[in-house]
Amino acid sequence: DKDKNANDESCDKSNRRKRAVMCLGAFILINSTGNVLAAMEEYEAKHSSGPTAYDVSDIGVIPPSLAFACWGFADAQIQVYCYWLMGGLYSSGSDHSRAVGFYKCVQSLGTSVGYYLIPTSRLGEFTQLSVSSFVFVIGTGLSFAQLP
(Lines give C-alpha, C1' and ligand atoms only; values in the text may rest on other atoms or scores of the structure.)
Protein backbone atom coordinates (compact mmCIF):
# COMPACT_ATOMS: atom_id res chain seq x y z
CA ASP A 1 0.00 0.00 0.00
CA LYS A 2 2.85 2.39 0.89
CA ASP A 3 4.67 1.60 -2.39
CA LYS A 4 1.46 2.13 -4.36
CA ASN A 5 0.92 5.58 -2.78
CA ALA A 6 4.53 6.59 -3.51
CA ASN A 7 4.13 5.40 -7.10
CA ASP A 8 0.84 7.32 -7.48
CA GLU A 9 2.45 10.52 -6.16
CA SER A 10 5.40 10.09 -8.52
CA CYS A 11 3.06 9.50 -11.46
CA ASP A 12 0.91 12.52 -10.49
CA LYS A 13 4.01 14.73 -10.26
CA SER A 14 5.20 13.45 -13.64
CA ASN A 15 1.79 14.19 -15.18
CA ARG A 16 1.72 17.71 -13.67
CA ARG A 17 5.20 18.35 -15.05
CA LYS A 18 4.19 17.08 -18.49
CA ARG A 19 1.06 19.26 -18.52
CA ALA A 20 3.13 22.27 -17.45
CA VAL A 21 5.63 21.71 -20.27
CA MET A 22 2.80 21.32 -22.80
CA CYS A 23 1.13 24.51 -21.57
CA LEU A 24 4.36 26.51 -21.69
CA GLY A 25 5.18 25.08 -25.13
CA ALA A 26 1.80 26.20 -26.47
CA PHE A 27 2.33 29.60 -24.80
CA ILE A 28 5.69 29.98 -26.55
CA LEU A 29 4.20 29.10 -29.91
CA ILE A 30 1.19 31.40 -29.61
CA ASN A 31 3.03 34.39 -28.13
CA SER A 32 5.89 34.05 -30.61
CA THR A 33 3.40 34.00 -33.47
CA GLY A 34 1.93 37.27 -32.20
CA ASN A 35 5.40 38.80 -31.88
CA VAL A 36 6.43 37.75 -35.40
CA LEU A 37 3.22 39.12 -36.90
CA ALA A 38 3.70 42.39 -35.02
CA ALA A 39 7.35 42.63 -36.12
CA MET A 40 6.29 42.17 -39.75
CA GLU A 41 3.68 44.92 -39.37
CA GLU A 42 6.16 47.28 -37.69
CA TYR A 43 8.77 46.61 -40.36
CA GLU A 44 6.22 47.34 -43.09
CA ALA A 45 5.05 50.49 -41.29
CA LYS A 46 8.61 51.73 -40.83
CA HIS A 47 9.31 51.42 -44.55
CA SER A 48 6.06 53.02 -45.71
CA SER A 49 5.58 56.71 -46.45
CA GLY A 50 3.08 57.28 -43.65
CA PRO A 51 0.47 55.66 -41.45
CA THR A 52 -1.62 53.00 -43.15
CA ALA A 53 -5.36 53.40 -42.79
CA TYR A 54 -7.16 50.08 -43.05
CA ASP A 55 -10.80 49.48 -43.75
CA VAL A 56 -12.33 46.64 -41.77
CA SER A 57 -13.03 44.78 -45.02
CA ASP A 58 -9.39 45.10 -46.15
CA ILE A 59 -7.32 41.91 -46.09
CA GLY A 60 -4.48 43.91 -44.48
CA VAL A 61 -6.28 43.89 -41.13
CA ILE A 62 -5.78 40.14 -40.76
CA PRO A 63 -2.09 40.07 -39.61
CA PRO A 64 -2.44 42.72 -36.88
CA SER A 65 -5.75 41.23 -35.79
CA LEU A 66 -4.13 37.80 -35.53
CA ALA A 67 -1.26 39.29 -33.52
CA PHE A 68 -3.72 40.80 -31.03
CA ALA A 69 -5.70 37.54 -30.91
CA CYS A 70 -2.51 35.56 -30.23
CA TRP A 71 -1.47 37.94 -27.46
CA GLY A 72 -4.92 37.86 -25.90
CA PHE A 73 -5.01 34.07 -25.94
CA ALA A 74 -1.44 33.82 -24.61
CA ASP A 75 -2.29 36.24 -21.80
CA ALA A 76 -5.34 34.22 -20.80
CA GLN A 77 -3.37 30.99 -21.05
CA ILE A 78 -0.53 32.17 -18.82
CA GLN A 79 -3.03 33.54 -16.28
CA VAL A 80 -4.68 30.13 -16.04
CA TYR A 81 -1.24 28.51 -15.78
CA CYS A 82 -0.24 30.80 -12.89
CA TYR A 83 -3.47 30.14 -11.00
CA TRP A 84 -3.07 26.40 -11.65
CA LEU A 85 0.44 26.55 -10.18
CA MET A 86 -0.69 28.49 -7.13
CA GLY A 87 -3.54 26.04 -6.61
CA GLY A 88 -1.06 23.17 -6.60
CA LEU A 89 1.53 24.87 -4.43
CA TYR A 90 -0.73 26.15 -1.65
CA SER A 91 -3.31 23.94 0.01
CA SER A 92 -4.38 26.23 2.82
CA GLY A 93 -6.86 28.96 1.96
CA SER A 94 -4.93 31.70 3.72
CA ASP A 95 -1.63 30.76 2.04
CA HIS A 96 -3.36 30.57 -1.33
CA SER A 97 -5.00 33.98 -0.91
CA ARG A 98 -1.65 35.56 0.07
CA ALA A 99 0.00 34.03 -3.01
CA VAL A 100 -2.78 35.32 -5.27
CA GLY A 101 -2.56 38.77 -3.65
CA PHE A 102 1.19 38.93 -4.21
CA TYR A 103 0.76 37.71 -7.79
CA LYS A 104 -1.86 40.39 -8.50
CA CYS A 105 0.41 43.05 -6.97
CA VAL A 106 3.34 42.07 -9.21
CA GLN A 107 1.00 41.83 -12.19
CA SER A 108 -0.31 45.36 -11.52
CA LEU A 109 3.23 46.69 -11.25
CA GLY A 110 4.06 45.16 -14.62
CA THR A 111 0.93 46.65 -16.16
CA SER A 112 1.80 50.09 -14.76
CA VAL A 113 5.32 49.95 -16.20
CA GLY A 114 3.90 48.76 -19.52
CA TYR A 115 1.43 51.64 -19.71
CA TYR A 116 4.19 54.09 -18.81
CA LEU A 117 6.30 52.84 -21.74
CA ILE A 118 3.49 52.72 -24.33
CA PRO A 119 3.81 56.23 -25.80
CA THR A 120 6.25 56.04 -28.69
CA SER A 121 7.77 59.31 -27.47
CA ARG A 122 9.16 57.30 -24.54
CA LEU A 123 9.97 54.04 -26.30
CA GLY A 124 9.91 53.35 -30.04
CA GLU A 125 7.73 50.66 -31.60
CA PHE A 126 10.50 48.16 -32.28
CA THR A 127 12.04 48.81 -28.88
CA GLN A 128 8.65 48.15 -27.22
CA LEU A 129 8.35 44.87 -29.11
CA SER A 130 11.96 43.96 -28.26
CA VAL A 131 11.49 44.69 -24.55
CA SER A 132 8.24 42.73 -24.54
CA SER A 133 9.93 39.80 -26.31
CA PHE A 134 12.87 39.93 -23.89
CA VAL A 135 10.54 39.80 -20.88
CA PHE A 136 8.64 36.96 -22.55
CA VAL A 137 11.84 34.91 -23.04
CA ILE A 138 13.14 35.56 -19.51
CA GLY A 139 9.78 34.88 -17.88
CA THR A 140 9.19 31.68 -19.82
CA GLY A 141 12.73 30.52 -19.13
CA LEU A 142 12.23 31.10 -15.41
CA SER A 143 8.94 29.18 -15.63
CA PHE A 144 10.74 26.19 -17.14
CA ALA A 145 13.32 26.40 -14.34
CA GLN A 146 10.53 26.08 -11.72
CA LEU A 147 8.28 23.38 -13.17
CA PRO A 148 6.00 21.58 -10.68
# chains A, B, ... in the order shown; residues from 1 in each chain; ligands from 1
$ residues_around --residues "segment 106-112 of chain A" --least-positions-apart "4" --cutoff "12 Å" --atoms "only C-alpha atoms" --output "ChimeraX atom specification"
/A:75,78-79,82,99-102,116-118,132,135
$ write_last_selection --atoms "all heavy atoms" --output "mmCIF file, in the first residue's frame"
data_model
loop_
_atom_site.group_PDB
_atom_site.id
_atom_site.type_symbol
_atom_site.label_atom_id
_atom_site.label_comp_id
_atom_site.auth_asym_id
_atom_site.auth_seq_id
_atom_site.Cartn_x
_atom_site.Cartn_y
_atom_site.Cartn_z
ATOM 1 N N ASP A 75 -2.100 35.614 -23.106
ATOM 2 C CA ASP A 75 -2.289 36.239 -21.801
ATOM 3 C C ASP A 75 -3.253 35.415 -20.956
ATOM 4 O O ASP A 75 -2.971 35.123 -19.788
ATOM 5 C CB ASP A 75 -2.809 37.665 -21.962
ATOM 6 C CG ASP A 75 -3.071 38.332 -20.622
ATOM 7 O OD1 ASP A 75 -2.139 38.427 -19.803
ATOM 8 O OD2 ASP A 75 -4.219 38.756 -20.393
ATOM 9 N N ILE A 78 -1.533 32.091 -19.876
ATOM 10 C CA ILE A 78 -0.530 32.175 -18.816
ATOM 11 C C ILE A 78 -1.175 32.533 -17.484
ATOM 12 O O ILE A 78 -0.704 32.131 -16.422
ATOM 13 C CB ILE A 78 0.620 33.136 -19.208
ATOM 14 C CG1 ILE A 78 1.925 32.740 -18.509
ATOM 15 C CG2 ILE A 78 0.281 34.568 -18.918
ATOM 16 C CD1 ILE A 78 2.495 31.432 -18.924
ATOM 17 N N GLN A 79 -2.291 33.261 -17.522
ATOM 18 C CA GLN A 79 -3.034 33.544 -16.285
ATOM 19 C C GLN A 79 -3.551 32.244 -15.676
ATOM 20 O O GLN A 79 -3.409 32.008 -14.474
ATOM 21 C CB GLN A 79 -4.216 34.479 -16.569
ATOM 22 C CG GLN A 79 -3.843 35.859 -17.028
ATOM 23 C CD GLN A 79 -3.145 36.667 -15.969
ATOM 24 O OE1 GLN A 79 -3.476 36.583 -14.794
ATOM 25 N NE2 GLN A 79 -2.163 37.437 -16.374
ATOM 26 N N CYS A 82 -0.688 30.270 -14.192
ATOM 27 C CA CYS A 82 -0.238 30.799 -12.891
ATOM 28 C C CYS A 82 -1.191 30.406 -11.773
ATOM 29 O O CYS A 82 -0.757 29.988 -10.694
ATOM 30 C CB CYS A 82 -0.094 32.319 -12.959
ATOM 31 S SG CYS A 82 1.294 32.862 -13.953
ATOM 32 N N ALA A 99 -0.730 34.227 -1.750
ATOM 33 C CA ALA A 99 -0.003 34.031 -3.011
ATOM 34 C C ALA A 99 -0.709 34.755 -4.159
ATOM 35 O O ALA A 99 -0.061 35.424 -4.973
ATOM 36 C CB ALA A 99 0.127 32.544 -3.323
ATOM 37 N N VAL A 100 -2.014 34.643 -4.226
ATOM 38 C CA VAL A 100 -2.779 35.321 -5.272
ATOM 39 C C VAL A 100 -2.651 36.834 -5.117
ATOM 40 O O VAL A 100 -2.466 37.557 -6.104
ATOM 41 C CB VAL A 100 -4.262 34.875 -5.266
ATOM 42 C CG1 VAL A 100 -5.111 35.762 -6.162
ATOM 43 C CG2 VAL A 100 -4.382 33.425 -5.687
ATOM 44 N N GLY A 101 -2.715 37.338 -3.894
ATOM 45 C CA GLY A 101 -2.560 38.767 -3.654
ATOM 46 C C GLY A 101 -1.203 39.279 -4.100
ATOM 47 O O GLY A 101 -1.104 40.331 -4.742
ATOM 48 N N PHE A 102 -0.151 38.536 -3.793
ATOM 49 C CA PHE A 102 1.195 38.927 -4.209
ATOM 50 C C PHE A 102 1.300 38.895 -5.730
ATOM 51 O O PHE A 102 1.857 39.806 -6.350
ATOM 52 C CB PHE A 102 2.245 38.016 -3.575
ATOM 53 C CG PHE A 102 3.641 38.352 -3.990
ATOM 54 C CD1 PHE A 102 4.276 39.470 -3.476
ATOM 55 C CD2 PHE A 102 4.316 37.564 -4.909
ATOM 56 C CE1 PHE A 102 5.568 39.796 -3.866
ATOM 57 C CE2 PHE A 102 5.599 37.882 -5.307
ATOM 58 C CZ PHE A 102 6.228 39.000 -4.783
ATOM 59 N N TYR A 116 3.266 52.948 -18.818
ATOM 60 C CA TYR A 116 4.187 54.087 -18.812
ATOM 61 C C TYR A 116 5.022 54.102 -20.097
ATOM 62 O O TYR A 116 5.305 55.161 -20.649
ATOM 63 C CB TYR A 116 5.101 54.039 -17.581
ATOM 64 C CG TYR A 116 6.135 55.129 -17.597
ATOM 65 C CD1 TYR A 116 5.802 56.435 -17.266
ATOM 66 C CD2 TYR A 116 7.443 54.866 -17.976
ATOM 67 C CE1 TYR A 116 6.741 57.450 -17.309
ATOM 68 C CE2 TYR A 116 8.390 55.863 -18.024
ATOM 69 C CZ TYR A 116 8.043 57.161 -17.688
ATOM 70 O OH TYR A 116 8.977 58.155 -17.743
ATOM 71 N N LEU A 117 5.410 52.934 -20.582
ATOM 72 C CA LEU A 117 6.299 52.843 -21.735
ATOM 73 C C LEU A 117 5.572 52.846 -23.079
ATOM 74 O O LEU A 117 6.207 52.877 -24.121
ATOM 75 C CB LEU A 117 7.156 51.571 -21.630
ATOM 76 C CG LEU A 117 8.101 51.520 -20.438
ATOM 77 C CD1 LEU A 117 8.803 50.183 -20.378
ATOM 78 C CD2 LEU A 117 9.109 52.658 -20.488
ATOM 79 N N ILE A 118 4.239 52.818 -23.073
ATOM 80 C CA ILE A 118 3.490 52.721 -24.326
ATOM 81 C C ILE A 118 3.691 53.912 -25.265
ATOM 82 O O ILE A 118 3.878 53.705 -26.460
ATOM 83 C CB ILE A 118 1.986 52.481 -24.060
ATOM 84 C CG1 ILE A 118 1.769 51.019 -23.735
ATOM 85 C CG2 ILE A 118 1.131 52.858 -25.263
ATOM 86 C CD1 ILE A 118 0.340 50.664 -23.421
ATOM 87 N N SER A 132 9.305 43.706 -24.811
ATOM 88 C CA SER A 132 8.242 42.733 -24.536
ATOM 89 C C SER A 132 8.721 41.307 -24.830
ATOM 90 O O SER A 132 8.481 40.380 -24.048
ATOM 91 C CB SER A 132 7.007 43.062 -25.371
ATOM 92 O OG SER A 132 6.019 42.098 -25.192
ATOM 93 N N VAL A 135 11.243 40.186 -22.113
ATOM 94 C CA VAL A 135 10.544 39.805 -20.879
ATOM 95 C C VAL A 135 9.858 38.452 -21.061
ATOM 96 O O VAL A 135 9.868 37.607 -20.160
ATOM 97 C CB VAL A 135 9.547 40.898 -20.448
ATOM 98 C CG1 VAL A 135 8.648 40.438 -19.322
ATOM 99 C CG2 VAL A 135 10.295 42.162 -20.049
#
$ closest_residue --among "A:Cys70, A:Cys105, A:Val56, A:Leu85" --to "Ala20 of chain A" --atoms "only C-alpha atoms"
A:Leu85
$ atom_distance --atom1 "atom CA of Ala39 of chain A" --atom2 "atom CA of Gln77 of chain A"
21.8 Å
$ select_by_dssp --residues "chain A" --states "helix (DSSP H, G or I)" --output "number ranges by chain"
A: 2-46, 59-89, 93-117, 125-145
$ residues_around --residues "Gly72 of chain A" --least-positions-apart "4" --cutoff "10 Å" --atoms "only C-alpha atoms" --output "ChimeraX atom specification"
/A:30-31,34,66-68,76-77
$ residues_around --residues "Thr140 of chain A" --least-positions-apart "2" --cutoff "10 Å" --atoms "only C-alpha atoms" --output "JSON list (two decimals) with N, CA, C and O atoms, in the first residue's frame"
[["chain", "number", "residue", "atom", "x", "y", "z"],
["A", 24, "LEU", "N", 3.35, 25.50, -21.39],
["A", 24, "LEU", "CA", 4.36, 26.51, -21.69],
["A", 24, "LEU", "C", 4.80, 26.44, -23.15],
["A", 24, "LEU", "O", 5.09, 27.46, -23.77],
["A", 25, "GLY", "N", 4.85, 25.23, -23.71],
["A", 25, "GLY", "CA", 5.18, 25.08, -25.13],
["A", 25, "GLY", "C", 4.15, 25.76, -26.02],
["A", 25, "GLY", "O", 4.49, 26.47, -26.97],
["A", 27, "PHE", "N", 2.18, 28.16, -25.07],
["A", 27, "PHE", "CA", 2.33, 29.60, -24.80],
["A", 27, "PHE", "C", 3.44, 30.19, -25.66],
["A", 27, "PHE", "O", 3.28, 31.26, -26.25],
["A", 28, "ILE", "N", 4.57, 29.51, -25.74],
["A", 28, "ILE", "CA", 5.69, 29.98, -26.55],
["A", 28, "ILE", "C", 5.28, 30.11, -28.01],
["A", 28, "ILE", "O", 5.54, 31.12, -28.66],
["A", 78, "ILE", "N", -1.53, 32.09, -19.88],
["A", 78, "ILE", "CA", -0.53, 32.17, -18.82],
["A", 78, "ILE", "C", -1.17, 32.53, -17.48],
["A", 78, "ILE", "O", -0.70, 32.13, -16.42],
["A", 134, "PHE", "N", 11.83, 40.26, -24.88],
["A", 134, "PHE", "CA", 12.87, 39.93, -23.89],
["A", 134, "PHE", "C", 12.24, 39.46, -22.58],
["A", 134, "PHE", "O", 12.64, 38.43, -22.02],
["A", 135, "VAL", "N", 11.24, 40.19, -22.11],
["A", 135, "VAL", "CA", 10.54, 39.80, -20.88],
["A", 135, "VAL", "C", 9.86, 38.45, -21.06],
["A", 135, "VAL", "O", 9.87, 37.61, -20.16],
["A", 136, "PHE", "N", 9.29, 38.23, -22.23],
["A", 136, "PHE", "CA", 8.64, 36.96, -22.55],
["A", 136, "PHE", "C", 9.66, 35.81, -22.46],
["A", 136, "PHE", "O", 9.38, 34.77, -21.85],
["A", 137, "VAL", "N", 10.82, 35.97, -23.06],
["A", 137, "VAL", "CA", 11.84, 34.91, -23.04],
["A", 137, "VAL", "C", 12.35, 34.66, -21.62],
["A", 137, "VAL", "O", 12.44, 33.51, -21.18],
["A", 138, "ILE", "N", 12.65, 35.72, -20.89],
["A", 138, "ILE", "CA", 13.14, 35.56, -19.51],
["A", 138, "ILE", "C", 12.08, 34.92, -18.63],
["A", 138, "ILE", "O", 12.35, 33.97, -17.88],
["A", 142, "LEU", "N", 12.34, 31.28, -16.87],
["A", 142, "LEU", "CA", 12.23, 31.10, -15.41],
["A", 142, "LEU", "C", 11.11, 30.12, -15.07],
["A", 142, "LEU", "O", 11.22, 29.35, -14.10],
["A", 143, "SER", "N", 10.03, 30.13, -15.87],
["A", 143, "SER", "CA", 8.94, 29.18, -15.63],
["A", 143, "SER", "C", 9.41, 27.75, -15.86],
["A", 143, "SER", "O", 9.03, 26.84, -15.11],
["A", 144, "PHE", "N", 10.22, 27.53, -16.89],
["A", 144, "PHE", "CA", 10.74, 26.19, -17.14],
["A", 144, "PHE", "C", 11.71, 25.77, -16.03],
["A", 144, "PHE", "O", 11.81, 24.58, -15.72],
["A", 145, "ALA", "N", 12.39, 26.72, -15.43],
["A", 145, "ALA", "CA", 13.32, 26.40, -14.34],
["A", 145, "ALA", "C", 12.58, 25.99, -13.07],
["A", 145, "ALA", "O", 13.15, 25.34, -12.20],
["A", 146, "GLN", "N", 11.30, 26.36, -12.93],
["A", 146, "GLN", "CA", 10.53, 26.08, -11.72],
["A", 146, "GLN", "C", 9.29, 25.24, -12.02],
["A", 146, "GLN", "O", 8.21, 25.53, -11.51]]
$ closest_residue --among "A:Arg17, A:Gln128, A:His96, A:Pro119" --to "Ala38 of chain A" --atoms "only C-alpha atoms"
A:Gln128
$ atom_distance --atom1 "atom CA of His47 of chain A" --atom2 "atom CA of Ala74 of chain A"
28.7 Å
$ decode --residues "segment 19-35 of chain A" --atoms "all heavy atoms" --output "JSON list (two decimals), in the first residue's frame"
[["chain", "number", "residue", "atom", "x", "y", "z"],
["A", 19, "ARG", "N", 2.09, 18.28, -18.17],
["A", 19, "ARG", "CA", 1.06, 19.26, -18.52],
["A", 19, "ARG", "C", 1.63, 20.67, -18.49],
["A", 19, "ARG", "O", 1.28, 21.51, -19.33],
["A", 19, "ARG", "CB", -0.13, 19.14, -17.56],
["A", 19, "ARG", "CG", -0.96, 17.89, -17.81],
["A", 19, "ARG", "CD", -2.26, 17.90, -17.03],
["A", 19, "ARG", "NE", -2.11, 18.14, -15.61],
["A", 19, "ARG", "CZ", -2.19, 17.22, -14.67],
["A", 19, "ARG", "NH1", -2.42, 15.97, -14.99],
["A", 19, "ARG", "NH2", -2.05, 17.53, -13.40],
["A", 20, "ALA", "N", 2.51, 20.94, -17.53],
["A", 20, "ALA", "CA", 3.13, 22.27, -17.45],
["A", 20, "ALA", "C", 4.00, 22.53, -18.68],
["A", 20, "ALA", "O", 3.94, 23.63, -19.25],
["A", 20, "ALA", "CB", 3.96, 22.39, -16.17],
["A", 21, "VAL", "N", 4.77, 21.55, -19.09],
["A", 21, "VAL", "CA", 5.63, 21.71, -20.27],
["A", 21, "VAL", "C", 4.78, 21.92, -21.52],
["A", 21, "VAL", "O", 5.08, 22.77, -22.36],
["A", 21, "VAL", "CB", 6.58, 20.50, -20.43],
["A", 21, "VAL", "CG1", 7.27, 20.50, -21.78],
["A", 21, "VAL", "CG2", 7.61, 20.48, -19.31],
["A", 22, "MET", "N", 3.69, 21.16, -21.64],
["A", 22, "MET", "CA", 2.80, 21.32, -22.80],
["A", 22, "MET", "C", 2.18, 22.71, -22.82],
["A", 22, "MET", "O", 2.10, 23.36, -23.87],
["A", 22, "MET", "CB", 1.71, 20.24, -22.78],
["A", 22, "MET", "CG", 2.23, 18.87, -23.13],
["A", 22, "MET", "SD", 1.02, 17.53, -22.93],
["A", 22, "MET", "CE", -0.43, 18.17, -23.67],
["A", 23, "CYS", "N", 1.75, 23.18, -21.67],
["A", 23, "CYS", "CA", 1.13, 24.51, -21.57],
["A", 23, "CYS", "C", 2.14, 25.60, -21.93],
["A", 23, "CYS", "O", 1.84, 26.50, -22.71],
["A", 23, "CYS", "CB", 0.58, 24.73, -20.17],
["A", 23, "CYS", "SG", -0.21, 26.34, -19.97],
["A", 24, "LEU", "N", 3.35, 25.50, -21.39],
["A", 24, "LEU", "CA", 4.36, 26.51, -21.69],
["A", 24, "LEU", "C", 4.80, 26.44, -23.15],
["A", 24, "LEU", "O", 5.09, 27.46, -23.77],
["A", 24, "LEU", "CB", 5.55, 26.36, -20.75],
["A", 24, "LEU", "CG", 5.29, 26.77, -19.30],
["A", 24, "LEU", "CD1", 6.49, 26.42, -18.42],
["A", 24, "LEU", "CD2", 4.96, 28.25, -19.20],
["A", 25, "GLY", "N", 4.85, 25.23, -23.71],
["A", 25, "GLY", "CA", 5.18, 25.08, -25.13],
["A", 25, "GLY", "C", 4.15, 25.76, -26.02],
["A", 25, "GLY", "O", 4.49, 26.47, -26.97],
["A", 26, "ALA", "N", 2.87, 25.55, -25.70],
["A", 26, "ALA", "CA", 1.80, 26.20, -26.47],
["A", 26, "ALA", "C", 1.88, 27.71, -26.29],
["A", 26, "ALA", "O", 1.69, 28.47, -27.25],
["A", 26, "ALA", "CB", 0.44, 25.67, -26.02],
["A", 27, "PHE", "N", 2.18, 28.16, -25.07],
["A", 27, "PHE", "CA", 2.33, 29.60, -24.80],
["A", 27, "PHE", "C", 3.44, 30.19, -25.66],
["A", 27, "PHE", "O", 3.28, 31.26, -26.25],
["A", 27, "PHE", "CB", 2.60, 29.82, -23.31],
["A", 27, "PHE", "CG", 2.93, 31.23, -22.96],
["A", 27, "PHE", "CD1", 1.97, 32.22, -23.00],
["A", 27, "PHE", "CD2", 4.22, 31.58, -22.58],
["A", 27, "PHE", "CE1", 2.27, 33.54, -22.68],
["A", 27, "PHE", "CE2", 4.54, 32.89, -22.25],
["A", 27, "PHE", "CZ", 3.56, 33.86, -22.30],
["A", 28, "ILE", "N", 4.57, 29.51, -25.74],
["A", 28, "ILE", "CA", 5.69, 29.98, -26.55],
["A", 28, "ILE", "C", 5.28, 30.11, -28.01],
["A", 28, "ILE", "O", 5.54, 31.12, -28.66],
["A", 28, "ILE", "CB", 6.92, 29.05, -26.40],
["A", 28, "ILE", "CG1", 7.51, 29.19, -25.00],
["A", 28, "ILE", "CG2", 7.95, 29.32, -27.47],
["A", 28, "ILE", "CD1", 8.55, 28.13, -24.66],
["A", 29, "LEU", "N", 4.62, 29.09, -28.52],
["A", 29, "LEU", "CA", 4.20, 29.10, -29.91],
["A", 29, "LEU", "C", 3.22, 30.24, -30.21],
["A", 29, "LEU", "O", 3.39, 31.00, -31.17],
["A", 29, "LEU", "CB", 3.56, 27.75, -30.27],
["A", 29, "LEU", "CG", 3.01, 27.64, -31.69],
["A", 29, "LEU", "CD1", 4.16, 27.64, -32.69],
["A", 29, "LEU", "CD2", 2.18, 26.38, -31.83],
["A", 30, "ILE", "N", 2.23, 30.39, -29.37],
["A", 30, "ILE", "CA", 1.19, 31.40, -29.61],
["A", 30, "ILE", "C", 1.73, 32.81, -29.43],
["A", 30, "ILE", "O", 1.50, 33.69, -30.26],
["A", 30, "ILE", "CB", -0.01, 31.13, -28.68],
["A", 30, "ILE", "CG1", -0.68, 29.82, -29.09],
["A", 30, "ILE", "CG2", -1.02, 32.28, -28.73],
["A", 30, "ILE", "CD1", -1.63, 29.27, -28.05],
["A", 31, "ASN", "N", 2.48, 33.05, -28.37],
["A", 31, "ASN", "CA", 3.03, 34.39, -28.13],
["A", 31, "ASN", "C", 4.07, 34.74, -29.19],
["A", 31, "ASN", "O", 4.11, 35.89, -29.65],
["A", 31, "ASN", "CB", 3.62, 34.47, -26.73],
["A", 31, "ASN", "CG", 3.71, 35.90, -26.24],
["A", 31, "ASN", "OD1", 2.79, 36.68, -26.41],
["A", 31, "ASN", "ND2", 4.84, 36.24, -25.63],
["A", 32, "SER", "N", 4.89, 33.79, -29.57],
["A", 32, "SER", "CA", 5.89, 34.05, -30.61],
["A", 32, "SER", "C", 5.23, 34.38, -31.94],
["A", 32, "SER", "O", 5.71, 35.24, -32.69],
["A", 32, "SER", "CB", 6.80, 32.83, -30.78],
["A", 32, "SER", "OG", 7.54, 32.60, -29.61],
["A", 33, "THR", "N", 4.14, 33.70, -32.25],
["A", 33, "THR", "CA", 3.40, 34.00, -33.47],
["A", 33, "THR", "C", 2.91, 35.45, -33.45],
["A", 33, "THR", "O", 3.06, 36.17, -34.45],
["A", 33, "THR", "CB", 2.21, 33.03, -33.64],
["A", 33, "THR", "OG1", 2.71, 31.69, -33.70],
["A", 33, "THR", "CG2", 1.43, 33.34, -34.91],
["A", 34, "GLY", "N", 2.36, 35.88, -32.32],
["A", 34, "GLY", "CA", 1.93, 37.27, -32.20],
["A", 34, "GLY", "C", 3.09, 38.24, -32.36],
["A", 34, "GLY", "O", 2.96, 39.27, -33.04],
["A", 35, "ASN", "N", 4.24, 37.91, -31.78],
["A", 35, "ASN", "CA", 5.40, 38.80, -31.88],
["A", 35, "ASN", "C", 5.92, 38.88, -33.31],
["A", 35, "ASN", "O", 6.30, 39.95, -33.77],
["A", 35, "ASN", "CB", 6.51, 38.32, -30.94],
["A", 35, "ASN", "CG", 6.21, 38.61, -29.49],
["A", 35, "ASN", "OD1", 5.19, 39.23, -29.16],
["A", 35, "ASN", "ND2", 7.07, 38.17, -28.61]]
